[in-house]
>>> print(open('final.txt').read())   # compact mmCIF, C-alpha atoms
# COMPACT_ATOMS: atom_id res chain seq x y z
CA ILE A 1 81.19 111.14 75.57
CA CYS A 2 84.81 111.98 76.18
CA GLU A 3 87.51 109.54 75.12
CA GLN A 4 91.13 109.63 76.17
CA ALA A 5 93.80 109.42 73.52
CA PRO A 6 97.09 107.83 74.58
CA PHE A 7 100.14 110.04 74.35
CA GLU A 8 103.84 109.71 75.03
CA PHE A 9 106.44 112.14 76.33
CA SER A 10 110.18 112.08 75.78
CA SER A 11 111.88 112.22 79.14
CA GLY A 12 115.54 111.85 78.23
CA ILE A 13 118.20 110.66 75.80
CA GLU A 14 120.76 107.91 76.23
CA ASP A 15 123.80 109.66 74.66
CA GLU A 16 126.09 111.03 77.41
CA ASN A 17 127.37 113.77 75.07
CA ALA A 18 123.88 115.20 74.67
CA GLN A 19 122.98 118.46 76.36
CA VAL A 20 119.36 118.22 77.48
CA PHE A 21 116.85 120.51 79.09
CA ILE A 22 114.33 118.56 81.14
CA THR A 23 111.49 120.18 83.06
CA PRO A 24 109.09 118.69 85.60
CA PHE A 25 105.52 118.51 84.35
CA GLU A 26 102.28 117.78 86.13
CA PHE A 27 99.13 116.70 84.35
CA VAL A 28 95.75 115.36 85.36
CA SER A 29 94.41 112.12 83.95
CA LEU A 30 90.64 111.63 83.83
CA LEU A 31 89.78 108.20 85.24
CA ASP A 32 85.99 108.38 85.36
CA ILE A 33 83.15 110.76 84.73
CA SER A 34 79.76 109.31 85.48
CA GLU A 35 76.36 109.79 87.03
CA GLN A 36 75.14 107.22 89.51
CA CYS A 37 71.76 107.02 91.20
CA PHE A 38 70.54 105.45 94.41
CA SER A 39 67.35 105.53 96.45
CA VAL A 40 66.84 106.30 100.11
CA ARG A 41 63.74 104.92 101.79
CA GLU A 42 63.37 105.73 105.45
CA ASP A 43 60.68 106.10 108.09
CA PHE A 44 61.02 109.01 110.52
CA GLU A 45 58.93 109.24 113.66
CA LEU A 46 58.03 112.66 115.01
CA PRO A 47 59.89 113.45 118.23
CA PRO A 48 57.98 113.49 121.53
CA GLY A 49 56.04 116.72 121.99
CA HIS A 50 55.15 117.05 118.30
CA THR A 51 51.46 116.77 117.51
CA ALA A 52 50.13 114.34 114.89
CA ILE A 53 50.27 115.15 111.17
CA GLU A 54 47.11 116.22 109.35
CA THR A 55 48.61 117.42 106.04
CA ILE A 56 52.18 117.56 104.73
CA LEU A 57 52.78 121.04 103.32
CA LYS A 58 56.41 120.88 102.13
CA THR A 59 59.40 118.58 102.27
CA ASP A 60 63.05 119.18 101.48
CA VAL A 61 66.06 116.87 101.33
CA LYS A 62 69.71 117.90 101.30
CA ILE A 63 72.88 115.85 101.27
CA CYS A 64 75.68 117.21 103.46
CA ASP A 65 78.84 116.30 105.37
CA ALA A 66 80.05 114.02 102.58
CA GLU A 67 83.29 112.12 103.13
CA GLN A 68 84.99 109.91 100.58
CA LYS A 69 87.61 107.22 100.58
CA ILE A 70 89.06 105.03 97.83
CA VAL A 71 89.34 101.34 98.75
CA SER A 72 90.14 98.54 96.25
CA GLN A 73 89.13 100.52 93.13
CA ARG A 74 85.92 101.63 94.80
CA LEU A 75 84.71 105.00 95.99
CA VAL A 76 83.21 104.70 99.47
CA LEU A 77 80.95 107.69 100.04
CA ARG A 78 79.59 108.55 103.49
CA ALA A 79 77.19 111.46 103.96
CA ASN A 80 74.13 112.62 105.85
CA LEU A 81 70.68 112.99 104.40
CA ASN A 82 68.98 115.99 106.04
CA PHE A 83 65.19 115.83 105.80
CA TYR A 84 62.94 118.78 106.59
CA CYS A 85 59.15 118.58 106.74
CA LEU A 86 56.63 121.40 107.14
CA TYR A 87 53.19 120.12 108.06
CA LEU A 88 49.77 121.08 109.36
CA ASP A 89 49.03 119.28 112.62
CA ASN A 90 45.68 117.95 113.79
CA THR A 91 44.99 121.21 115.71
CA GLY A 92 45.42 123.36 112.57
CA CYS A 93 48.87 124.73 113.49
CA ILE A 94 51.82 124.76 111.13
CA LYS A 95 54.69 122.67 112.52
CA SER A 96 58.07 121.54 111.29
CA ALA A 97 60.40 118.64 111.94
CA ASP A 98 64.04 118.05 111.02
CA PHE A 99 65.70 114.67 110.70
CA GLU A 100 69.17 113.43 109.81
CA LYS A 101 70.07 110.02 108.45
CA PRO A 102 73.66 108.90 107.73
CA PHE A 103 74.21 106.67 104.71
CA THR A 104 77.02 104.94 102.85
CA GLU A 105 77.16 104.18 99.13
CA ILE A 106 79.92 102.39 97.18
CA PHE A 107 80.76 103.01 93.51
CA ASP A 108 83.24 101.14 91.29
CA ILE A 109 85.91 103.28 89.59
CA GLU A 110 88.46 101.52 87.39
CA ASN A 111 92.16 102.27 87.87
CA CYS A 112 91.64 104.41 90.96
CA ASP A 113 93.84 104.32 94.03
CA GLU A 114 94.49 106.35 97.19
CA ASP A 115 95.89 109.22 95.08
CA THR A 116 92.69 109.58 93.05
CA LEU A 117 90.83 112.85 93.49
CA CYS A 118 87.04 112.68 93.24
CA ASP A 119 84.75 115.64 92.71
CA ILE A 120 81.30 114.64 94.01
CA ARG A 121 78.09 116.55 93.31
CA PHE A 122 74.71 115.47 94.62
CA CYS A 123 71.33 116.09 93.05
CA VAL A 124 68.11 115.15 94.83
CA LYS A 125 65.85 114.02 91.99
CA ASP A 126 62.57 112.90 93.50
CA ILE A 127 61.06 113.33 96.93
CA SER A 128 57.89 111.59 97.97
CA CYS A 129 56.67 111.60 101.53
CA HIS A 130 53.47 110.55 103.22
CA ALA A 131 52.28 110.17 106.80
CA GLU A 132 51.51 106.83 108.42
CA ALA A 133 50.00 105.93 111.75
CA ASP A 134 52.20 104.83 114.64
CA SER A 135 51.32 101.92 116.96
CA ASP A 136 48.85 104.19 118.84
CA GLY A 137 47.05 105.10 115.61
CA ASP A 138 48.37 108.69 115.52
CA MET A 139 49.76 110.00 112.24
CA ARG A 140 53.30 110.53 113.55
CA ILE A 141 55.46 108.61 111.06
CA LEU A 142 56.84 110.25 107.92
CA MET A 143 57.70 107.77 105.19
CA LEU A 144 60.34 109.26 102.89
CA ASN A 145 61.32 107.92 99.50
CA THR A 146 63.86 109.90 97.48
CA ASP A 147 66.17 109.32 94.54
CA VAL A 148 69.62 110.87 94.71
CA GLY A 149 71.93 111.39 91.75
CA VAL A 150 75.69 111.56 92.22
CA ASN A 151 77.95 113.10 89.58
CA ILE A 152 81.45 111.69 89.99
CA THR A 153 84.55 113.06 88.32
CA ALA A 154 87.62 111.01 89.24
CA THR A 155 91.06 112.31 88.31
CA LYS A 156 94.63 111.44 89.13
CA LYS A 157 97.56 113.84 89.22
CA ILE A 158 100.66 112.50 87.48
CA ASP A 159 104.12 114.04 87.88
CA THR A 160 106.77 113.34 85.24
CA ASP A 161 109.80 114.90 83.58
CA ILE A 162 109.62 116.04 79.96
CA LEU A 163 112.49 116.54 77.54
CA VAL A 164 112.06 120.11 76.32
CA ASP A 165 115.24 120.62 74.31
CA CYS A 166 118.26 118.60 73.23
CA PHE A 167 121.61 119.53 71.67
CA MET A 168 124.32 117.12 70.63
CA PRO A 169 127.65 118.77 69.63
CA GLY A 170 128.65 117.90 66.07
CA LYS A 171 125.38 116.10 65.32
CA GLN A 172 122.08 117.22 63.95
CA THR A 173 119.09 116.28 66.14
CA GLU A 174 115.56 115.72 64.96
CA LEU A 175 112.47 114.85 66.93
CA VAL A 176 110.62 111.92 65.39
CA THR A 177 107.12 111.03 66.50
>>> encode(input="final.txt", output="structure tokens")
Amino acid sequence: ICEQAPFEFSSGIEDENAQVFITPFEFVSLLDISEQCFSVREDFELPPGHTAIETILKTDVKICDAEQKIVSQRLVLRANLNFYCLYLDNTGCIKSADFEKPFTEIFDIENCDEDTLCDIRFCVKDISCHAEADSDGDMRILMLNTDVGVNITATKKIDTDILVDCFMPGKQTELVT
């Protein structure tokens, strides 16, 4: 676990006789680093022209086209779940079907605002899929259940000025912390 230690910068001096050297400085503050999980449960019906499912051979899930927005100290994440299924149909032929499902998830992040930068990484953890019969009794519905992990790293860029050097004619200066 990573903890932040507070720190302070000197950014100036109040004596008008002081000669100062101030430089702009940019640093990144870590607001949140976490792993969140959510489940997606969805039924997909085979498109017209696809024959009924006999055996599911392979399934794959990918998350793509992710968009993010910070609203009221929350990360609103919109993305698409792409689902691919390779199956043996009832005639013994190998067939495939692709599906896409948009979703939205919301995560709380303390102290975030519109200037917060979020690095999002998805990890599909579990995929289970089985075939079900449609209203005609044909095995044409794929029931998907998957767990998705989201690694979130939220940072904020902060610009400030830092006092680098100070000289006061006729006086000795000393930095005290």
>>> residues_around(input="final.txt", residues="Thr116 of chain A", least_positions_apart="2", cutoff="6 Å", atoms="all atoms listed in the file", output="PyMOL selection string")
chain A and resi 112-114+155-156
>>> atom_distance(input="final.txt", atom1="atom CA of Leu30 of chain A", atom2="atom CA of Leu163 of chain A")
23.3 Å
>>> closest_residue(input="final.txt", among="A:Met168, A:Ile120, A:Leu86, A:Val20", to="Glu67 of chain A", atoms="all atoms listed in the file")
A:Ile120
>>> residues_near_point(input="final.txt", point="(91.3, 98.5, 94.0)", cutoff="12 Å", atoms="all atoms listed in the file", output="PDB file with C-alpha atoms, in the frame of the given file")
ATOM      1  CA  LYS A  69      87.610 107.220 100.580  1.00  0.00           C
ATOM      2  CA  ILE A  70      89.060 105.030  97.830  1.00  0.00           C
ATOM      3  CA  VAL A  71      89.340 101.340  98.750  1.00  0.00           C
ATOM      4  CA  SER A  72      90.140  98.540  96.250  1.00  0.00           C
ATOM      5  CA  GLN A  73      89.130 100.520  93.130  1.00  0.00           C
ATOM      6  CA  ARG A  74      85.920 101.630  94.800  1.00  0.00           C
ATOM      7  CA  LEU A  75      84.710 105.000  95.990  1.00  0.00           C
ATOM      8  CA  VAL A  76      83.210 104.700  99.470  1.00  0.00           C
ATOM      9  CA  PHE A 107      80.760 103.010  93.510  1.00  0.00           C
ATOM     10  CA  ASP A 108      83.240 101.140  91.290  1.00  0.00           C
ATOM     11  CA  ILE A 109      85.910 103.280  89.590  1.00  0.00           C
ATOM     12  CA  GLU A 110      88.460 101.520  87.390  1.00  0.00           C
ATOM     13  CA  ASN A 111      92.160 102.270  87.870  1.00  0.00           C
ATOM     14  CA  CYS A 112      91.640 104.410  90.960  1.00  0.00           C
ATOM     15  CA  ASP A 113      93.840 104.320  94.030  1.00  0.00           C
ATOM     16  CA  GLU A 114      94.490 106.350  97.190  1.00  0.00           C
ATOM     17  CA  ASP A 115      95.890 109.220  95.080  1.00  0.00           C
ATOM     18  CA  THR A 116      92.690 109.580  93.050  1.00  0.00           C
TER      19      THR A 116
END
>>> residues_near_point(input="final.txt", point="(110.8, 120.2, 81.0)", cutoff="12 Å", atoms="only C-alpha atoms", output="list in words")
Phe9, Ser10, Ser11, Gly12, Val20, Phe21, Ile22, Thr23, Pro24, Phe25, Glu26, Asp159, Thr160, Asp161, Ile162, Leu163, Val164, Asp165 and Cys166 of chain A
>>> atom_distance(input="final.txt", atom1="atom CA of Arg78 of chain A", atom2="atom CA of Cys129 of chain A")
23.2 Å
